[in-house]
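**Q** For reference, this is protein.cif, and it has mmCIF, C-alpha atoms.
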```
data_protein
loop_
_atom_site.label_atom_id
_atom_site.label_comp_id
_atom_site.auth_asym_id
_atom_site.auth_seq_id
_atom_site.Cartn_x
_atom_site.Cartn_y
_atom_site.Cartn_z
CA MET A 9 -27.78 -13.49 135.24
CA SER A 10 -24.24 -12.80 136.27
CA ASP A 11 -21.29 -14.05 134.26
CA PHE A 12 -20.31 -16.41 137.01
CA VAL A 13 -23.68 -18.18 137.04
CA THR A 14 -23.61 -18.55 133.25
CA PHE A 15 -20.10 -19.95 133.54
CA ILE A 16 -21.18 -22.61 136.03
CA LEU A 17 -24.34 -23.40 134.05
CA ALA A 18 -22.33 -23.74 130.83
CA ILE A 19 -19.93 -26.17 132.55
CA ILE A 20 -22.73 -28.32 133.92
CA SER A 21 -24.66 -28.34 130.67
CA ALA A 22 -21.56 -29.30 128.65
CA MET A 23 -20.73 -31.95 131.24
CA LEU A 24 -24.04 -33.72 131.79
CA ILE A 25 -26.83 -32.62 129.47
CA ASP A 26 -24.80 -32.42 126.29
CA ASN A 27 -22.32 -35.06 127.35
CA VAL A 28 -19.35 -35.21 125.02
CA VAL A 29 -19.37 -38.97 124.49
CA LEU A 30 -22.95 -40.03 124.92
CA SER A 31 -24.80 -37.27 123.12
CA ARG A 32 -22.27 -35.45 120.97
CA PHE A 33 -20.25 -38.54 119.98
CA TYR A 34 -16.77 -37.08 120.29
CA GLY A 35 -14.00 -39.36 121.40
CA ILE A 36 -15.74 -42.69 120.93
CA CYS A 37 -12.46 -44.38 119.97
CA PRO A 38 -10.71 -43.87 123.34
CA PHE A 39 -14.06 -44.35 125.08
CA LEU A 40 -14.24 -47.89 123.69
CA GLY A 41 -10.52 -48.57 123.45
CA VAL A 42 -9.08 -47.43 126.78
CA SER A 43 -11.98 -48.27 129.09
CA LYS A 44 -11.11 -51.87 129.93
CA LYS A 45 -9.37 -50.96 133.17
CA VAL A 46 -10.38 -48.25 135.65
CA LYS A 47 -6.80 -47.10 136.15
CA SER A 48 -6.04 -46.57 132.49
CA SER A 49 -9.35 -44.83 131.87
CA LEU A 50 -8.61 -42.45 134.73
CA GLY A 51 -5.21 -41.68 133.20
CA MET A 52 -6.72 -41.08 129.77
CA GLY A 53 -9.46 -38.88 131.23
CA ILE A 54 -7.05 -36.67 133.15
CA ALA A 55 -4.78 -36.34 130.13
CA VAL A 56 -7.77 -35.28 128.01
CA VAL A 57 -8.85 -32.65 130.56
CA PHE A 58 -5.34 -31.24 130.54
CA VAL A 59 -4.94 -31.13 126.77
CA ILE A 60 -8.42 -29.73 126.09
CA LEU A 61 -7.88 -26.88 128.54
CA VAL A 62 -4.50 -25.95 127.10
CA ALA A 63 -5.74 -26.33 123.52
CA THR A 64 -8.72 -24.06 124.21
CA CYS A 65 -6.45 -21.45 125.76
CA VAL A 66 -4.18 -21.49 122.70
CA CYS A 67 -6.58 -22.00 119.79
CA TRP A 68 -9.19 -19.39 120.70
CA PRO A 69 -6.69 -16.49 120.71
CA LEU A 70 -5.02 -17.98 117.64
CA TYR A 71 -8.28 -17.79 115.69
CA THR A 72 -9.47 -14.43 117.04
CA TYR A 73 -6.21 -12.50 116.93
CA ILE A 74 -4.27 -14.11 114.09
CA LEU A 75 -6.38 -16.08 111.62
CA GLU A 76 -9.35 -13.74 111.49
CA PRO A 77 -7.44 -10.43 111.13
CA ALA A 78 -5.18 -12.07 108.55
CA GLY A 79 -8.23 -12.97 106.48
CA ILE A 80 -7.65 -16.72 106.48
CA PRO A 81 -10.32 -18.08 108.84
CA PHE A 82 -10.77 -21.09 106.53
CA MET A 83 -7.36 -22.36 107.60
CA ASP A 84 -8.72 -23.06 111.09
CA THR A 85 -8.80 -26.87 110.91
CA VAL A 86 -5.22 -27.10 109.60
CA ALA A 87 -3.99 -24.65 112.24
CA TYR A 88 -5.83 -26.36 115.08
CA ILE A 89 -4.63 -29.86 114.32
CA LEU A 90 -1.04 -28.62 114.10
CA VAL A 91 -1.40 -26.75 117.38
CA ILE A 92 -2.93 -29.78 119.09
CA ALA A 93 -0.31 -32.20 117.76
CA SER A 94 2.58 -29.98 118.83
CA LEU A 95 0.92 -29.14 122.15
CA VAL A 96 0.60 -32.81 122.97
CA GLN A 97 4.32 -33.27 122.27
CA LEU A 98 5.19 -30.20 124.32
CA VAL A 99 3.02 -31.18 127.24
CA GLY A 100 4.58 -34.63 127.14
CA LEU A 101 8.10 -33.20 127.28
CA PHE A 102 7.14 -30.78 130.03
CA ILE A 103 5.60 -33.44 132.24
CA LYS A 104 8.53 -35.78 131.60
CA LYS A 105 10.95 -33.13 132.87
CA TYR A 106 9.07 -31.91 135.92
CA SER A 107 7.04 -34.89 137.10
CA PRO A 108 8.39 -38.24 135.93
CA SER A 109 5.87 -40.11 138.05
CA LEU A 110 2.96 -38.34 136.35
CA TYR A 111 4.59 -38.98 132.99
CA LYS A 112 4.82 -42.65 133.81
CA SER A 113 1.06 -42.86 134.33
CA LEU A 114 -0.04 -40.43 131.59
CA GLY A 115 2.77 -40.85 129.07
CA ILE A 116 1.31 -43.63 126.98
CA TYR A 117 -2.04 -41.86 126.58
CA LEU A 118 -0.64 -38.57 125.38
CA PRO A 119 0.08 -39.59 121.76
CA LEU A 120 -3.41 -41.06 121.52
CA ILE A 121 -4.98 -37.71 122.29
CA THR A 122 -3.85 -36.17 119.00
CA THR A 123 -6.39 -38.32 117.19
CA ASN A 124 -9.07 -37.92 119.85
CA CYS A 125 -11.91 -36.05 118.19
CA ALA A 126 -12.99 -34.54 121.50
CA VAL A 127 -10.09 -32.08 121.47
CA LEU A 128 -10.49 -30.91 117.87
CA GLY A 129 -14.28 -31.03 118.19
CA VAL A 130 -14.38 -28.74 121.20
CA VAL A 131 -11.89 -26.27 119.76
CA GLN A 132 -13.66 -26.21 116.42
CA THR A 133 -17.16 -25.69 117.87
CA ASN A 134 -15.82 -22.94 120.12
CA THR A 135 -14.81 -20.81 117.18
CA ASP A 136 -17.51 -22.02 114.76
CA THR A 137 -20.25 -20.81 117.08
CA GLY A 138 -18.40 -17.60 117.95
CA LEU A 139 -18.24 -18.04 121.72
CA ARG A 140 -16.52 -15.52 123.98
CA PHE A 141 -13.28 -16.65 125.58
CA ILE A 142 -14.86 -17.23 128.99
CA ASP A 143 -17.65 -19.32 127.40
CA ALA A 144 -15.13 -21.24 125.33
CA LEU A 145 -13.23 -22.02 128.51
CA ALA A 146 -16.43 -23.17 130.23
CA ASN A 147 -17.25 -25.37 127.24
CA GLY A 148 -13.77 -26.89 127.30
CA LEU A 149 -13.84 -27.48 131.04
CA GLY A 150 -17.34 -28.96 131.05
CA THR A 151 -16.69 -31.17 128.04
CA SER A 152 -13.43 -32.56 129.34
CA ILE A 153 -14.75 -33.22 132.85
CA GLY A 154 -17.79 -34.87 131.27
CA PHE A 155 -15.44 -37.12 129.31
CA LEU A 156 -13.47 -37.99 132.46
CA VAL A 157 -16.59 -38.84 134.46
CA ILE A 158 -18.20 -40.93 131.75
CA ILE A 159 -15.09 -42.90 130.82
CA VAL A 160 -14.39 -43.76 134.47
CA VAL A 161 -18.00 -44.82 135.15
CA PHE A 162 -18.03 -46.81 131.92
CA SER A 163 -14.80 -48.62 132.77
CA CYS A 164 -16.19 -49.53 136.20
CA ILE A 165 -19.20 -51.12 134.50
CA ARG A 166 -17.00 -52.84 131.93
CA THR A 167 -14.82 -54.54 134.53
CA ARG A 168 -17.97 -56.10 135.96
CA LEU A 169 -19.27 -57.01 132.50
CA GLU A 170 -16.14 -59.11 131.96
CA SER A 171 -17.33 -61.62 134.52
CA ALA A 172 -21.02 -61.37 133.59
CA ASN A 173 -22.66 -64.23 131.74
CA THR A 174 -23.41 -62.52 128.41
CA PRO A 175 -24.42 -64.41 125.24
CA LYS A 176 -21.36 -65.44 123.26
CA ALA A 177 -22.08 -63.15 120.30
CA PHE A 178 -22.37 -60.13 122.61
CA LYS A 179 -19.04 -60.71 124.39
CA GLY A 180 -16.72 -57.71 124.36
CA LEU A 181 -17.65 -54.68 122.28
CA PRO A 182 -21.34 -55.31 121.45
CA ILE A 183 -22.44 -55.52 125.07
CA ALA A 184 -20.27 -52.50 125.90
CA LEU A 185 -22.11 -50.52 123.22
CA ILE A 186 -25.49 -51.59 124.57
CA THR A 187 -24.33 -50.49 128.03
CA ALA A 188 -23.34 -47.13 126.60
CA ALA A 189 -26.82 -46.87 125.08
CA ILE A 190 -28.42 -47.38 128.47
CA MET A 191 -26.11 -44.75 129.96
CA ALA A 192 -27.12 -42.37 127.16
CA ILE A 193 -30.80 -42.98 127.94
CA ALA A 194 -30.09 -42.19 131.60
CA LEU A 195 -28.43 -38.91 130.62
CA MET A 196 -31.37 -38.05 128.36
CA GLY A 197 -33.41 -37.73 131.53
CA LEU A 198 -31.37 -34.67 132.45
CA GLN A 199 -32.53 -32.73 129.40
CA GLY A 200 -34.60 -29.75 130.41
CA LEU A 201 -32.70 -29.42 133.68
CA PHE A 202 -32.28 -25.68 133.13
CA ALA A 203 -35.65 -25.08 131.53
CA GLY A 204 -36.85 -23.10 134.52
CA ILE A 205 -33.80 -20.86 134.82
CA MET B 29 6.86 -55.78 88.96
CA LYS B 30 4.33 -58.01 87.30
CA ARG B 31 0.77 -57.70 88.52
CA GLU B 32 -1.23 -60.73 89.36
CA LYS B 33 -4.52 -61.10 87.57
CA GLY B 34 -7.51 -60.02 89.65
CA GLN B 35 -5.33 -58.28 92.21
CA THR B 36 -6.99 -54.92 91.63
CA LYS B 37 -10.42 -56.41 92.19
CA LYS B 38 -9.24 -58.15 95.35
CA ASN B 39 -7.66 -54.92 96.57
CA PHE B 40 -10.93 -53.08 96.03
CA LEU B 41 -13.15 -55.71 97.61
CA LYS B 42 -11.07 -56.17 100.77
CA GLY B 43 -12.06 -52.69 101.96
CA ILE B 44 -15.72 -53.56 101.57
CA ILE B 45 -15.86 -56.99 103.18
CA GLN B 46 -12.82 -58.51 104.88
CA GLU B 47 -11.29 -55.31 106.22
CA ASN B 48 -14.36 -53.10 106.43
CA PRO B 49 -13.03 -50.10 108.37
CA LEU B 50 -16.12 -49.64 110.52
CA LEU B 51 -17.55 -53.11 111.06
CA VAL B 52 -14.37 -55.19 111.20
CA SER B 53 -11.59 -52.86 112.32
CA ILE B 54 -13.95 -50.67 114.46
CA LEU B 55 -12.34 -47.44 113.26
CA GLY B 56 -14.00 -44.09 112.64
CA THR B 57 -16.82 -44.73 115.08
CA CYS B 58 -17.51 -41.09 115.98
CA PRO B 59 -19.05 -40.00 112.64
CA ALA B 60 -20.63 -43.43 112.29
CA LEU B 61 -22.72 -42.80 115.38
CA ALA B 62 -23.28 -39.08 114.89
CA THR B 63 -24.21 -38.78 111.23
CA THR B 64 -26.43 -41.82 110.75
CA LYS B 65 -29.67 -40.24 111.87
CA SER B 66 -30.96 -40.31 108.30
CA LEU B 67 -29.93 -42.27 105.24
CA GLU B 68 -29.31 -39.09 103.30
CA ALA B 69 -26.90 -37.65 105.85
CA ALA B 70 -25.04 -40.97 105.97
CA ILE B 71 -24.64 -41.00 102.19
CA GLY B 72 -23.41 -37.39 102.27
CA MET B 73 -20.90 -38.15 104.99
CA GLY B 74 -19.73 -41.25 103.14
CA ILE B 75 -19.17 -39.31 99.93
CA LEU B 76 -17.21 -36.51 101.62
CA PHE B 77 -15.18 -39.09 103.54
CA THR B 78 -14.40 -41.08 100.39
CA ILE B 79 -13.22 -37.93 98.57
CA VAL B 80 -10.83 -37.06 101.41
CA LEU B 81 -9.55 -40.63 101.67
CA LEU B 82 -8.97 -40.90 97.91
CA CYS B 83 -7.13 -37.58 97.64
CA SER B 84 -4.98 -38.16 100.71
CA ASN B 85 -4.12 -41.71 99.65
CA VAL B 86 -3.06 -40.56 96.19
CA LEU B 87 -1.01 -37.61 97.44
CA VAL B 88 0.68 -39.57 100.22
CA SER B 89 1.52 -42.29 97.74
CA LEU B 90 2.93 -39.73 95.28
CA LEU B 91 5.10 -38.17 97.98
CA ARG B 92 6.05 -41.42 99.70
CA LYS B 93 9.70 -41.20 98.61
CA LEU B 94 10.01 -37.50 99.44
CA ILE B 95 8.66 -37.47 102.99
CA PRO B 96 11.36 -38.35 105.54
CA ASP B 97 10.40 -41.14 107.89
CA GLU B 98 10.80 -39.12 111.09
CA ILE B 99 8.25 -36.44 110.28
CA ARG B 100 5.79 -38.54 108.31
CA THR B 101 2.87 -38.32 110.76
CA PRO B 102 2.75 -34.50 110.89
CA ALA B 103 3.15 -34.41 107.12
CA TYR B 104 0.22 -36.80 106.62
CA ILE B 105 -1.92 -34.82 109.06
CA VAL B 106 -1.27 -31.60 107.16
CA ILE B 107 -2.12 -33.30 103.85
CA ILE B 108 -5.35 -34.69 105.28
CA ALA B 109 -6.31 -31.42 106.96
CA THR B 110 -5.82 -29.56 103.69
CA PHE B 111 -8.15 -31.88 101.80
CA VAL B 112 -10.69 -31.73 104.63
CA THR B 113 -10.67 -27.94 104.44
CA MET B 114 -11.22 -28.11 100.69
CA VAL B 115 -14.10 -30.54 101.07
CA LYS B 116 -15.57 -28.40 103.84
CA MET B 117 -15.51 -25.28 101.67
CA PHE B 118 -16.97 -27.24 98.76
CA ALA B 119 -19.83 -28.51 100.92
CA ASN B 120 -20.43 -25.05 102.36
CA ALA B 121 -20.70 -23.56 98.87
CA PHE B 122 -22.68 -26.19 96.99
CA LEU B 123 -24.49 -28.28 99.60
CA PRO B 124 -25.25 -25.87 102.47
CA GLU B 125 -27.89 -28.20 103.96
CA LEU B 126 -25.39 -31.06 104.12
CA TYR B 127 -22.84 -28.69 105.66
CA SER B 128 -25.19 -27.59 108.41
CA THR B 129 -26.42 -31.14 109.09
CA LEU B 130 -22.98 -32.69 109.46
CA GLY B 131 -21.60 -29.60 111.18
CA VAL B 132 -18.32 -30.11 112.95
CA PHE B 133 -18.07 -33.72 111.83
CA ILE B 134 -16.75 -32.62 108.44
CA SER B 135 -13.77 -31.06 110.23
CA LEU B 136 -13.44 -34.15 112.36
CA ILE B 137 -12.57 -36.27 109.30
CA VAL B 138 -9.04 -34.96 110.03
CA VAL B 139 -8.81 -37.02 113.21
CA ASN B 140 -10.62 -40.01 111.74
CA CYS B 141 -8.30 -42.94 112.38
CA ILE B 142 -9.14 -44.55 109.03
CA VAL B 143 -7.63 -41.82 106.85
CA LEU B 144 -4.40 -41.58 108.85
CA GLY B 145 -4.34 -45.36 109.21
CA ARG B 146 -4.57 -45.98 105.44
CA ALA B 147 -1.92 -43.32 104.76
CA GLU B 148 0.41 -44.92 107.28
CA ALA B 149 -0.30 -48.57 106.58
CA TYR B 150 -0.97 -48.63 102.85
CA ALA B 151 -0.38 -45.48 100.81
CA SER B 152 3.12 -44.88 102.19
CA LYS B 153 4.26 -48.27 100.90
CA ASN B 154 2.35 -48.83 97.66
CA THR B 155 2.01 -47.37 94.17
CA VAL B 156 -0.37 -44.55 93.31
CA PHE B 157 -2.80 -46.77 91.45
CA ASP B 158 -2.94 -49.35 94.24
CA SER B 159 -3.47 -46.63 96.82
CA PHE B 160 -6.25 -45.13 94.72
CA ILE B 161 -8.05 -48.47 94.52
CA ASP B 162 -7.46 -49.09 98.23
CA GLY B 163 -8.90 -45.68 99.11
CA LEU B 164 -11.89 -46.28 96.85
CA GLY B 165 -12.58 -49.68 98.43
CA MET B 166 -12.22 -48.40 101.97
CA GLY B 167 -14.38 -45.36 101.22
CA VAL B 168 -17.15 -47.41 99.63
CA GLY B 169 -16.97 -49.94 102.47
CA TYR B 170 -17.27 -47.19 105.06
CA THR B 171 -20.16 -45.55 103.20
CA MET B 172 -21.97 -48.88 103.00
CA ALA B 173 -21.51 -49.51 106.71
CA LEU B 174 -22.85 -46.00 107.47
CA CYS B 175 -25.84 -46.68 105.21
CA ILE B 176 -26.63 -49.98 106.97
CA MET B 177 -26.72 -48.17 110.32
CA ALA B 178 -28.72 -45.23 108.99
CA PHE B 179 -31.16 -47.59 107.28
CA PHE B 180 -32.19 -49.21 110.56
CA ARG B 181 -32.12 -45.98 112.56
CA GLU B 182 -34.30 -44.04 110.14
CA LEU B 183 -36.66 -46.92 109.43
CA ILE B 184 -37.35 -47.73 113.08
CA GLY B 185 -37.08 -44.17 114.34
CA THR B 186 -39.35 -42.44 111.85
CA GLY B 187 -41.21 -45.27 110.12
CA GLY B 188 -39.81 -44.64 106.66
CA PHE B 189 -37.33 -42.60 104.64
CA THR B 190 -37.30 -39.01 103.49
CA PHE B 191 -35.13 -37.74 100.65
CA GLY B 192 -34.57 -34.28 99.30
CA GLN B 193 -33.99 -32.50 102.58
CA ILE B 194 -30.20 -32.53 102.43
CA PHE B 195 -29.53 -33.05 98.73
CA THR B 196 -31.88 -30.28 97.65
CA PHE B 197 -31.30 -30.93 93.95
CA ILE B 198 -33.50 -34.03 94.11
CA PRO B 199 -37.23 -33.48 94.69
CA TYR B 200 -38.57 -33.94 98.20
CA THR B 201 -39.95 -37.45 98.61
CA ALA B 202 -41.14 -39.09 101.78
CA LEU B 203 -41.41 -42.86 101.71
CA ILE B 204 -43.29 -43.54 104.93
CA ILE B 205 -44.84 -46.93 105.46
CA PRO B 206 -48.59 -46.29 105.84
CA GLY B 207 -49.65 -46.55 109.45
CA ALA B 208 -46.07 -46.77 110.68
CA GLU B 209 -46.23 -43.37 112.41
CA ASN B 210 -48.04 -44.98 115.31
CA PHE B 211 -45.36 -47.62 115.80
CA LYS B 212 -42.13 -45.67 115.41
CA ILE B 213 -39.63 -45.92 118.24
CA SER B 214 -38.16 -42.45 118.42
CA VAL B 215 -35.30 -43.44 120.72
CA PHE B 216 -33.56 -44.77 117.60
CA GLN B 217 -33.26 -41.17 116.39
CA ASN B 218 -31.60 -40.24 119.66
CA PRO B 219 -27.94 -40.88 120.54
CA ALA B 220 -28.91 -43.95 122.54
CA GLY B 221 -30.37 -45.56 119.41
CA ALA B 222 -27.05 -45.15 117.61
CA PHE B 223 -25.26 -47.16 120.29
CA ILE B 224 -27.94 -49.86 120.27
CA VAL B 225 -27.91 -50.27 116.48
CA PHE B 226 -24.11 -50.34 116.32
CA GLY B 227 -23.95 -52.86 119.19
CA LEU B 228 -26.52 -55.13 117.57
CA ILE B 229 -24.81 -55.01 114.18
CA LEU B 230 -21.49 -55.98 115.78
CA ALA B 231 -23.25 -58.76 117.70
CA VAL B 232 -24.75 -60.17 114.49
CA MET B 233 -21.30 -60.07 112.84
CA ALA B 234 -19.75 -61.79 115.86
CA PHE B 235 -22.52 -64.42 115.77
CA TYR B 236 -21.78 -65.34 112.14
CA LYS B 237 -18.04 -65.27 112.77
CA ASN B 238 -18.45 -67.62 115.75
CA ARG B 239 -20.64 -69.96 113.73
CA LYS B 240 -18.15 -70.02 110.89
CA ALA B 241 -15.36 -70.84 113.33
CA GLU B 242 -17.47 -73.58 114.91
CA MET B 243 -18.26 -75.09 111.50
CA LYS B 244 -14.57 -75.08 110.65
CA ALA B 245 -13.70 -76.70 113.97
CA TRP B 246 -16.39 -79.31 113.40
CA GLU B 247 -15.08 -80.03 109.89
CA ILE B 248 -11.53 -80.42 111.19
CA LYS B 249 -12.76 -82.72 113.93
CA GLN B 250 -14.72 -84.78 111.42
CA ALA B 251 -11.70 -85.02 109.13
CA LYS B 252 -9.53 -86.12 112.05
CA LEU B 253 -12.03 -88.79 113.09
CA LYS B 254 -12.16 -90.07 109.53
CA ALA B 255 -8.39 -90.17 109.31
CA ALA B 256 -8.20 -92.09 112.59
CA GLU B 257 -10.78 -94.58 111.34
CA ASP B 258 -8.94 -95.04 108.09
CA ALA B 259 -5.71 -95.67 109.97
CA LYS B 260 -7.45 -98.21 112.18
CA LYS B 261 -8.93 -100.02 109.17
CA LYS B 262 -5.54 -100.07 107.49
CA LEU B 263 -3.97 -101.53 110.60
CA GLU B 264 -6.65 -104.20 110.83
CA ALA B 265 -6.24 -105.05 107.18
CA GLN B 266 -2.49 -105.34 107.69
CA LYS B 267 -3.00 -107.58 110.70
CA ALA B 268 -5.39 -109.76 108.74
CA ASN B 269 -2.84 -109.90 105.94
CA VAL B 270 -0.09 -110.92 108.32
CA GLY B 271 -2.36 -113.53 109.90
CA GLY B 272 -3.22 -114.99 106.49
CA GLN B 273 0.44 -115.31 105.55
CA GLN B 274 1.21 -117.25 108.70
#
```
Since I need it in another form, could you write the structure as structure tokens?
**A**
Amino acid sequence: MSDFVTFILAIISAMLIDNVVLSRFYGICPFLGVSKKVKSSLGMGIAVVFVILVATCVCWPLYTYILEPAGIPFMDTVAYILVIASLVQLVGLFIKKYSPSLYKSLGIYLPLITTNCAVLGVVQTNTDTGLRFIDALANGLGTSIGFLVIIVVFSCIRTRLESANTPKAFKGLPIALITAAIMAIALMGLQGLFAGI
Amino acid sequence: MKREKGQTKKNFLKGIIQENPLLVSILGTCPALATTKSLEAAIGMGILFTIVLLCSNVLVSLLRKLIPDEIRTPAYIVIIATFVTMVKMFANAFLPELYSTLGVFISLIVVNCIVLGRAEAYASKNTVFDSFIDGLGMGVGYTMALCIMAFFRELIGTGGFTFGQIFTFIPYTALIIPGAENFKISVFQNPAGAFIVFGLILAVMAFYKNRKAEMKAWEIKQAKLKAAEDAKKKLEAQKANVGGQQ
């Protein structure tokens, strides 16, 4: 199988089969917190895609070319979280300077991403499992697009749930979690998609 | 400053019941869903989490006058990340099964909102002892919430409990209800089951909260009615009094 095919397969598998939110449980906090409106969930999703891609591009070389040769691979978590926190700040400043309109729509979500486990989770698994750079990139891309798709779909369902006649005890978060469970069951049906390849 | 009697106990208990980080504040949901497949893994996660929370609370509280206000968040994150790395290495060395079961979720304690939240909201303003007790209460509360979730997931998903697979120092014991293998619902071991159990637990909590609020409203209404009746009686008595005088 050529590298390109593996790249595409890795993206799709990280996006749908091993979905970041519904089967790996990264980023549940923004998934539940920012999904009340479609517009804000779209903003959050795009910001996450952006930050995960940049973080993957920075952290993988950081681990492979600096931490490992220096003999301190156990410092990875500390290094990653610092890189992610400063990256988020930097990206925020950069967008503010060059595209104020984008900053206006993404700005409030950027600080939230520092504590989004999806970013640290992806970066950490990339180096923990010893992926090549191209595979790490595919993992990052697939994971973040998976997050974007799921959070947007979920927010669409949630806006309709608001007006649905749910039992009083289930109003709000409980029914949202049950909805997420049904979505997770739907995604479970995709397991074994690549069994034949 | 003089301490009130029973304050320490109250401080400890608030993390378990009134301000339970998982079930009331809905914080730290990622590990709560991911590591509650079995009771043993949940206990392991809870213990590691409590250690990190205790250490970070104590250190943040010790350094609370040294850390400038502007850079406090990065400073807290570095403190937390350091303790997480230590706990991770400890687990890797002494409890390799726990390490491989929890996987990346040990590292993800760094971005757990509870630890940073307690550092920011409590430890940075209170004494070392208070912060220690607060961390202990929050940690125990979180562990208990994890155990409640894992209890239902393992019981319904596998029909019983197995111990000794993760904590290898205790002998392997499987407590399976006889005949339950035929009735287990394995979806509760899958990610979907985690969402269902968490949703149902929150619904039960909301149900009791609603009922409590309704009872209170009913009591207030009853008290108001009684007060109105009393006032009416008083007025009538006054009227009768006035009538008698004339």
**Q** For A:Ile190, which residue among B:Ala149, B:Met166, B:Ile205, B:Ala222 is the nearest when counting only C-alpha atoms?
**A**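 Of the candidates, the smallest distance to A:Ile190 is held by B:Ala222.
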**Q** Can you check which residues of chain B have any atom within 6 Å of chain A? Use only C-alpha atoms and format it as a list in words.
**A**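 Matching residues, ligands excluded from the count: Cys58, Ala62, Ala109, Val139, Pro219, Ala220, Phe223, Ile224, Gly227, Leu230, Ala231, Ala234 and Phe235 of chain B.
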**Q** Could you pull the residues within 10 Å of A:Val57, counting only C-alpha atoms, minus those fewer than 2 positions along the same chain, as a compact mmCIF listing (two decimals) with C-alpha atoms, in the frame of the given file?
**A**
```
# COMPACT_ATOMS: atom_id res chain seq x y z
CA MET A 52 -6.72 -41.08 129.77
CA GLY A 53 -9.46 -38.88 131.23
CA ILE A 54 -7.05 -36.67 133.15
CA ALA A 55 -4.78 -36.34 130.13
CA VAL A 59 -4.94 -31.13 126.77
CA ILE A 60 -8.42 -29.73 126.09
CA LEU A 61 -7.88 -26.88 128.54
CA VAL A 62 -4.50 -25.95 127.10
CA ALA A 63 -5.74 -26.33 123.52
CA VAL A 127 -10.09 -32.08 121.47
CA GLY A 148 -13.77 -26.89 127.30
CA LEU A 149 -13.84 -27.48 131.04
CA GLY A 150 -17.34 -28.96 131.05
CA THR A 151 -16.69 -31.17 128.04
CA SER A 152 -13.43 -32.56 129.34
CA ILE A 153 -14.75 -33.22 132.85
CA GLY A 154 -17.79 -34.87 131.27
CA PHE A 155 -15.44 -37.12 129.31
CA LEU A 156 -13.47 -37.99 132.46
```
**Q** Show me the residues around (-25.5, -46.3, 110.8) - criterion: an atom at most 10 Å away, only C-alpha atoms counted - as a PDB file with C-alpha atoms, keeping the file's coordinate frame.
**A**
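In the end it all went to out18.pdb:
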```pdb
ATOM      1  CA  LEU B  50     -16.120 -49.640 110.520  1.00  0.00           C
ATOM      2  CA  THR B  57     -16.820 -44.730 115.080  1.00  0.00           C
ATOM      3  CA  PRO B  59     -19.050 -40.000 112.640  1.00  0.00           C
ATOM      4  CA  ALA B  60     -20.630 -43.430 112.290  1.00  0.00           C
ATOM      5  CA  LEU B  61     -22.720 -42.800 115.380  1.00  0.00           C
ATOM      6  CA  ALA B  62     -23.280 -39.080 114.890  1.00  0.00           C
ATOM      7  CA  THR B  63     -24.210 -38.780 111.230  1.00  0.00           C
ATOM      8  CA  THR B  64     -26.430 -41.820 110.750  1.00  0.00           C
ATOM      9  CA  LYS B  65     -29.670 -40.240 111.870  1.00  0.00           C
ATOM     10  CA  SER B  66     -30.960 -40.310 108.300  1.00  0.00           C
ATOM     11  CA  LEU B  67     -29.930 -42.270 105.240  1.00  0.00           C
ATOM     12  CA  ALA B  70     -25.040 -40.970 105.970  1.00  0.00           C
ATOM     13  CA  THR B 171     -20.160 -45.550 103.200  1.00  0.00           C
ATOM     14  CA  MET B 172     -21.970 -48.880 103.000  1.00  0.00           C
ATOM     15  CA  ALA B 173     -21.510 -49.510 106.710  1.00  0.00           C
ATOM     16  CA  LEU B 174     -22.850 -46.000 107.470  1.00  0.00           C
ATOM     17  CA  CYS B 175     -25.840 -46.680 105.210  1.00  0.00           C
ATOM     18  CA  ILE B 176     -26.630 -49.980 106.970  1.00  0.00           C
ATOM     19  CA  MET B 177     -26.720 -48.170 110.320  1.00  0.00           C
ATOM     20  CA  ALA B 178     -28.720 -45.230 108.990  1.00  0.00           C
ATOM     21  CA  PHE B 179     -31.160 -47.590 107.280  1.00  0.00           C
ATOM     22  CA  PHE B 180     -32.190 -49.210 110.560  1.00  0.00           C
ATOM     23  CA  ARG B 181     -32.120 -45.980 112.560  1.00  0.00           C
ATOM     24  CA  GLU B 182     -34.300 -44.040 110.140  1.00  0.00           C
ATOM     25  CA  GLY B 221     -30.370 -45.560 119.410  1.00  0.00           C
ATOM     26  CA  ALA B 222     -27.050 -45.150 117.610  1.00  0.00           C
ATOM     27  CA  PHE B 223     -25.260 -47.160 120.290  1.00  0.00           C
ATOM     28  CA  VAL B 225     -27.910 -50.270 116.480  1.00  0.00           C
ATOM     29  CA  PHE B 226     -24.110 -50.340 116.320  1.00  0.00           C
ATOM     30  CA  ILE B 229     -24.810 -55.010 114.180  1.00  0.00           C
TER      31      ILE B 229
END
```
**Q** Applying the PyMOL selection byres ((chain B and resi 138) around 10) to the file I just gave you, which residues come out? Please list them as a PyMOL selection string.
**A** (chain A and resi 85-86+89+123+125+128) or (chain B and resi 77+80+105-113+133-137+139-144)
**Q** With all atoms of stretch 66-80 of chain B from the file as input, state the centre and edge lengths in Å to one decimal of the axis-aligned box that has 3 Å extra on each side, as AutoDock Vina command-line options.
**A**
```
--center_x -20.9 --center_y -39.4 --center_z 103.4 --size_x 26.1 --size_y 11.8 --size_z 15.7
```
**Q** I need the residue set behind the PyMOL selection byres ((chain A and resi 68) around 10) for this file; please write it as a list in words.
**A**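 Written out, the selection comes to Ala63, Thr64, Cys65, Val66, Cys67, Pro69, Leu70, Tyr71, Thr72, Tyr73, Ile74, Tyr88, Val131, Gln132, Asn134, Thr135, Gly138, Leu139, Arg140, Phe141, Ala144 and Leu145 of chain A.
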**Q** Rounded to one decimal in Å, what is the spacing between atom CA of A:Arg168 and atom CA of B:Ala241?
**A**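 According to the coordinates, atom CA of A:Arg168 and atom CA of B:Ala241 are separated by 27.1 Å.
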